[in-house]
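Printed here is target_4.txt (compact mmCIF, C-alpha atoms):
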```txt
# COMPACT_ATOMS: atom_id res chain seq x y z
CA PHE A 4 -5.14 -3.99 26.83
CA LYS A 5 -6.09 -6.68 24.32
CA ILE A 6 -4.63 -7.87 21.04
CA ILE A 7 -7.42 -8.20 18.45
CA PRO A 8 -5.89 -8.69 14.96
CA ASP A 9 -9.12 -8.33 12.98
CA GLY A 10 -10.56 -4.83 12.45
CA THR A 11 -14.19 -5.97 12.43
CA SER A 12 -13.66 -7.82 15.70
CA ARG A 13 -12.17 -4.68 17.25
CA LYS A 14 -15.22 -2.68 16.24
CA GLN A 15 -17.58 -5.33 17.65
CA ALA A 16 -15.63 -5.41 20.91
CA LEU A 17 -16.00 -1.63 21.26
CA LEU A 18 -19.72 -1.64 20.51
CA ALA A 19 -20.24 -4.51 22.95
CA GLY A 20 -18.41 -2.61 25.69
CA ASP A 21 -15.61 -5.17 25.94
CA VAL A 22 -12.98 -2.48 25.24
CA ASP A 23 -12.94 1.26 25.87
CA GLY A 24 -11.35 2.11 22.52
CA TYR A 25 -9.16 0.86 19.71
CA ASP A 26 -6.69 2.28 17.24
CA LEU A 27 -6.88 2.38 13.43
CA PRO A 28 -10.60 1.87 12.74
CA ASN A 29 -11.35 0.97 9.13
CA PRO A 30 -12.48 4.07 7.19
CA VAL A 31 -15.61 2.22 6.05
CA ASP A 32 -16.62 2.01 9.74
CA TRP A 33 -16.17 5.71 10.54
CA ALA A 34 -19.76 6.71 9.80
CA SER A 35 -21.32 3.81 11.73
CA LEU A 36 -19.03 4.42 14.70
CA LYS A 37 -20.07 8.09 14.79
CA SER A 38 -23.75 7.20 14.51
CA ALA A 39 -23.33 4.77 17.40
CA GLY A 40 -22.15 7.68 19.53
CA MET A 41 -18.46 6.81 19.52
CA ASN A 42 -15.76 9.49 19.63
CA LEU A 43 -13.74 9.24 16.42
CA MET A 44 -10.39 11.02 16.28
CA VAL A 45 -8.58 11.29 12.93
CA ARG A 46 -4.85 12.01 12.74
CA PRO A 47 -3.33 14.23 10.03
CA ALA A 48 -1.60 12.21 7.31
CA PHE A 49 1.96 11.26 8.25
CA ASN A 50 2.45 8.02 6.36
CA ILE A 51 2.87 6.54 2.90
CA LEU A 52 1.61 3.32 1.27
CA TYR A 53 3.82 1.86 -1.43
CA LEU A 54 4.03 -1.13 -3.74
CA GLY A 55 7.48 -2.71 -3.77
CA LEU A 56 9.03 -4.52 -6.74
CA ASN A 57 11.85 -7.08 -6.65
CA PRO A 58 13.88 -7.25 -9.90
CA THR A 59 16.18 -9.87 -8.37
CA LYS A 60 13.26 -12.27 -7.91
CA ASN A 61 11.67 -11.35 -11.27
CA PRO A 62 14.27 -10.17 -13.85
CA ALA A 63 11.51 -8.71 -16.07
CA LEU A 64 11.26 -5.90 -13.52
CA LYS A 65 14.78 -4.73 -14.37
CA ASP A 66 13.34 -3.19 -17.54
CA LEU A 67 12.36 0.44 -16.95
CA LYS A 68 9.45 0.13 -19.38
CA VAL A 69 7.99 -2.74 -17.35
CA ARG A 70 8.18 -0.73 -14.14
CA GLN A 71 6.69 2.31 -15.86
CA ALA A 72 3.86 0.13 -17.20
CA LEU A 73 3.01 -1.14 -13.71
CA ASP A 74 3.15 2.45 -12.45
CA MET A 75 0.67 3.57 -15.13
CA ALA A 76 -1.59 0.56 -14.58
CA VAL A 77 -2.62 1.53 -11.02
CA ASN A 78 -5.72 3.70 -10.74
CA ARG A 79 -4.50 5.74 -7.79
CA GLU A 80 -7.45 8.12 -7.56
CA GLN A 81 -9.96 5.28 -7.41
CA LEU A 82 -7.82 3.42 -4.91
CA VAL A 83 -7.67 6.49 -2.67
CA THR A 84 -11.41 7.17 -2.75
CA SER A 85 -12.53 3.56 -2.41
CA GLN A 86 -9.98 1.99 -0.06
CA LEU A 87 -8.14 4.63 1.96
CA PRO A 88 -9.23 6.95 4.78
CA GLU A 89 -11.00 10.23 4.15
CA GLY A 90 -8.43 12.88 3.36
CA ALA A 91 -5.95 10.47 1.78
CA THR A 92 -4.38 11.57 -1.51
CA ALA A 93 -2.54 9.87 -4.36
CA ALA A 94 1.20 10.16 -3.80
CA SER A 95 3.58 11.89 -6.17
CA GLN A 96 6.62 11.23 -3.96
CA PHE A 97 7.73 9.04 -1.09
CA TYR A 98 6.34 11.17 1.75
CA PRO A 99 3.12 13.08 2.50
CA ASP A 100 2.62 16.82 2.12
CA THR A 101 2.83 17.28 5.89
CA VAL A 102 6.58 16.53 5.71
CA GLU A 103 9.17 19.29 5.32
CA GLY A 104 10.66 19.27 1.83
CA TYR A 105 7.49 18.16 0.03
CA ASN A 106 7.67 19.18 -3.65
CA LYS A 107 4.33 20.54 -4.87
CA ASP A 108 5.56 20.60 -8.47
CA LEU A 109 5.75 16.81 -8.83
CA ALA A 110 2.76 15.23 -10.58
CA VAL A 111 0.97 11.99 -9.77
CA THR A 112 1.37 9.32 -12.47
CA LYS A 113 -1.74 9.28 -14.67
CA TYR A 114 -3.82 6.11 -14.87
CA ASP A 115 -3.36 4.71 -18.39
CA PRO A 116 -4.01 0.95 -18.80
CA GLU A 117 -3.69 1.12 -22.58
CA GLY A 118 -0.39 2.94 -22.26
CA ALA A 119 0.72 0.26 -19.81
CA LYS A 120 -0.14 -2.47 -22.31
CA LYS A 121 1.84 -0.63 -24.99
CA LEU A 122 4.94 -0.39 -22.80
CA LEU A 123 4.72 -4.07 -21.84
CA LYS A 124 4.50 -4.98 -25.52
CA GLU A 125 7.52 -2.80 -26.33
CA ALA A 126 9.42 -4.57 -23.56
CA GLY A 127 8.38 -8.01 -24.87
CA GLN A 128 6.46 -8.68 -21.65
CA GLU A 129 2.85 -8.96 -22.87
CA ASN A 130 2.53 -12.11 -20.71
CA LEU A 131 4.18 -10.69 -17.61
CA LYS A 132 3.55 -12.72 -14.45
CA LEU A 133 3.89 -11.37 -10.91
CA THR A 134 3.80 -13.03 -7.52
CA PHE A 135 2.02 -10.24 -5.63
CA ALA A 136 1.75 -10.51 -1.84
CA TYR A 137 -0.25 -8.81 0.90
CA PRO A 138 -0.28 -9.26 4.69
CA SER A 139 -3.05 -10.73 6.83
CA GLU A 140 -3.79 -10.28 10.54
CA VAL A 141 -2.74 -6.64 10.50
CA THR A 142 -4.09 -3.10 10.18
CA ARG A 143 -1.74 -0.23 9.40
CA PRO A 144 -2.49 3.52 9.15
CA TYR A 145 -1.55 3.42 5.45
CA MET A 146 -3.21 0.05 4.86
CA PRO A 147 -6.57 -0.24 6.70
CA ASN A 148 -7.67 -3.32 4.74
CA PRO A 149 -4.70 -5.01 3.03
CA GLN A 150 -6.79 -7.59 1.19
CA LYS A 151 -9.13 -5.06 -0.44
CA ILE A 152 -6.26 -2.74 -1.39
CA HIS A 153 -4.45 -5.70 -2.91
CA GLU A 154 -7.57 -6.77 -4.81
CA ALA A 155 -7.98 -3.29 -6.29
CA ILE A 156 -4.37 -3.13 -7.50
CA ARG A 157 -4.48 -6.73 -8.74
CA LYS A 158 -7.50 -5.94 -10.89
CA ASP A 159 -5.71 -2.88 -12.29
CA PHE A 160 -2.71 -5.03 -13.19
CA GLU A 161 -4.93 -7.62 -14.84
CA LYS A 162 -6.61 -4.91 -16.95
CA ALA A 163 -3.15 -4.13 -18.31
CA GLY A 164 -2.62 -7.79 -19.20
CA VAL A 165 -0.47 -8.79 -16.20
CA LYS A 166 -1.06 -12.25 -14.74
CA VAL A 167 -1.01 -12.15 -10.94
CA GLU A 168 -0.33 -14.98 -8.50
CA VAL A 169 -1.79 -13.97 -5.14
CA VAL A 170 0.17 -14.74 -1.97
CA THR A 171 -0.78 -13.80 1.58
CA LYS A 172 0.91 -14.46 4.90
CA PRO A 173 0.36 -13.17 8.45
CA TRP A 174 2.18 -9.90 9.13
CA ASN A 175 4.34 -11.47 11.85
CA GLY A 176 3.96 -15.00 10.54
CA GLY A 177 6.02 -14.89 7.36
CA TYR A 178 5.05 -11.72 5.50
CA LEU A 179 7.71 -9.32 6.76
CA ASP A 180 10.34 -12.07 6.61
CA GLY A 181 9.20 -12.85 3.06
CA VAL A 182 9.69 -9.23 2.03
CA ASP A 183 13.11 -9.04 3.70
CA ASN A 184 14.22 -12.32 2.11
CA GLY A 185 13.03 -11.42 -1.39
CA GLN A 186 10.32 -14.08 -1.68
CA PHE A 187 7.82 -11.93 -3.64
CA ASP A 188 7.92 -10.13 -6.99
CA ALA A 189 5.65 -7.39 -5.63
CA TRP A 190 4.25 -6.55 -2.23
CA LEU A 191 2.45 -3.90 -0.17
CA LEU A 192 4.13 -1.98 2.62
CA GLY A 193 4.38 1.55 3.94
CA TRP A 194 5.93 3.87 6.47
CA THR A 195 4.68 6.08 9.27
CA GLY A 196 7.13 8.87 10.02
CA ASP A 197 9.15 8.98 13.23
CA TYR A 198 9.80 12.72 12.88
CA ASN A 199 9.01 15.48 10.39
CA SER A 200 11.82 15.16 7.90
CA ALA A 201 12.05 13.88 4.34
CA ASP A 202 15.19 12.02 5.41
CA ASN A 203 13.15 9.87 7.79
CA PHE A 204 11.14 8.57 4.83
CA ILE A 205 13.73 8.58 2.03
CA GLY A 206 16.79 7.79 4.14
CA THR A 207 15.12 4.83 5.81
CA PHE A 208 14.35 3.17 2.48
CA PHE A 209 17.00 4.44 0.09
CA GLY A 210 19.99 5.26 2.26
CA ASN A 211 23.08 3.04 2.13
CA LEU A 212 25.32 2.78 5.17
CA LYS A 213 27.93 0.61 3.43
```
Go ahead and render the structure in this file as structure tokens.
Amino acid sequence: FKIIPDGTSRKQALLAGDVDGYDLPNPVDWASLKSAGMNLMVRPAFNILYLGLNPTKNPALKDLKVRQALDMAVNREQLVTSQLPEGATAASQFYPDTVEGYNKDLAVTKYDPEGAKKLLKEAGQENLKLTFAYPSEVTRPYMPNPQKIHEAIRKDFEKAGVKVEVVTKPWNGGYLDGVDNGQFDAWLLGWTGDYNSADNFIGTFFGNLK
């Protein structure tokens, strides 16, 4: 067993025969791994990628119109096809369709950068600024390449007129602590289910034991 934080290095180690296999290959490497004769096994979707917002750190995010504008600004379909594994879909709720309780009637938010600009203007936040963070030295099932996913969303935000300050920290070297301690206005995270129940996704993030 070896710890190899970088996805490209894991692939090179496999092709060189230094390891017998590795988990979470980047989707962009799937075709080349197959053509090299490697056995590629793909799991059914059981995870969710989300973008978190911190209204305590950035009071502008307390305004519903601002949050709706950021929601509309993200081109989910393009993000899914360009950055996520084959078979990934844009989310309409906080768990995948393989989870019991999935509601097929909920619609995915439509991409509308002009509508996002309009809402920001109505909220008096045409010059909204966000400190938007992503993790380094990590690969997650819902986040195969954090930097590229972050870049795609950042560009979407900028098209809607949002100014983005980019922050990155190692997954176990400040990023998770930064999220927990409220250091960022916005960040990328996700969840892989422990068992097939909506409560495992929703309860973990939105339940209150107090």
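Considering only C-alpha atoms, the residue among A:Asp202, A:Thr11, A:Ala136, A:Leu67 positioned nearest to Phe97 (chain A) is A:Asp202.
If you count only C-alpha atoms and ignore residues fewer than 6 places along the chain from Val165 (chain A), what sits within 8 Å of it is Glu129, Asn130, Leu131, Lys132 and Leu133 of chain A.
Within 10 Å of the file-frame point (8.9, 9.9, -6.6), and using only C-alpha atoms, the polymer residues found are Ala94, Ser95, Gln96, Phe97, Tyr98, Asn106, Leu109, Ala110, Val111, Thr112 and Ile205 of chain A.
Atom pair CA of Ser38 (chain A) / CA of Asp21 (chain A): separated by 18.7 Å.
Closest approach to Gly177 (chain A) among A:Ser200, A:Ser139, A:Gln128, A:Asn78: A:Ser139, based on all atoms listed in the file.
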Residues within 7 Å of (-16.4, 6.0, 1.9), counting only C-alpha atoms, listed as a VMD selection string: chain A and resid 30 to 31 84 to 85
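The nearest approach to Asp100 (chain A) among the residues A:Val170, A:Val77, A:Leu18, A:Ala48, with only C-alpha atoms taken into account, belongs to A:Ala48.
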For Ile51 (chain A), which residue among A:Arg13, A:Lys120, A:Lys162, A:Arg143 is the nearest when counting only C-alpha atoms? A:Arg143
Return the single residue from A:Leu122, A:Leu56, A:Gly104, A:Gly40 that is closest to Phe204 (chain A), with distances computed using only C-alpha atoms. A:Gly104
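Taking only C-alpha atoms into account, Ala189 (chain A) lies nearest to A:Leu54 out of the set A:Leu54, A:Met146, A:Ile152, A:Leu123.
Put simply, CA of Val102 (chain A) is 16.2 Å away from CA of Pro144 (chain A).
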Measure the distance from CA of Thr171 (chain A) to CA of Lys5 (chain A) in Å and round it to one decimal. 24.4 Å
Exercise: Ala91 (chain A) partners within 10 Å, all atoms listed in the file, chain neighbours under 6 positions left out, as an NGL selection string: :A and (47-48 or 50-51 or 80 or 82-84 or 99 or 145)
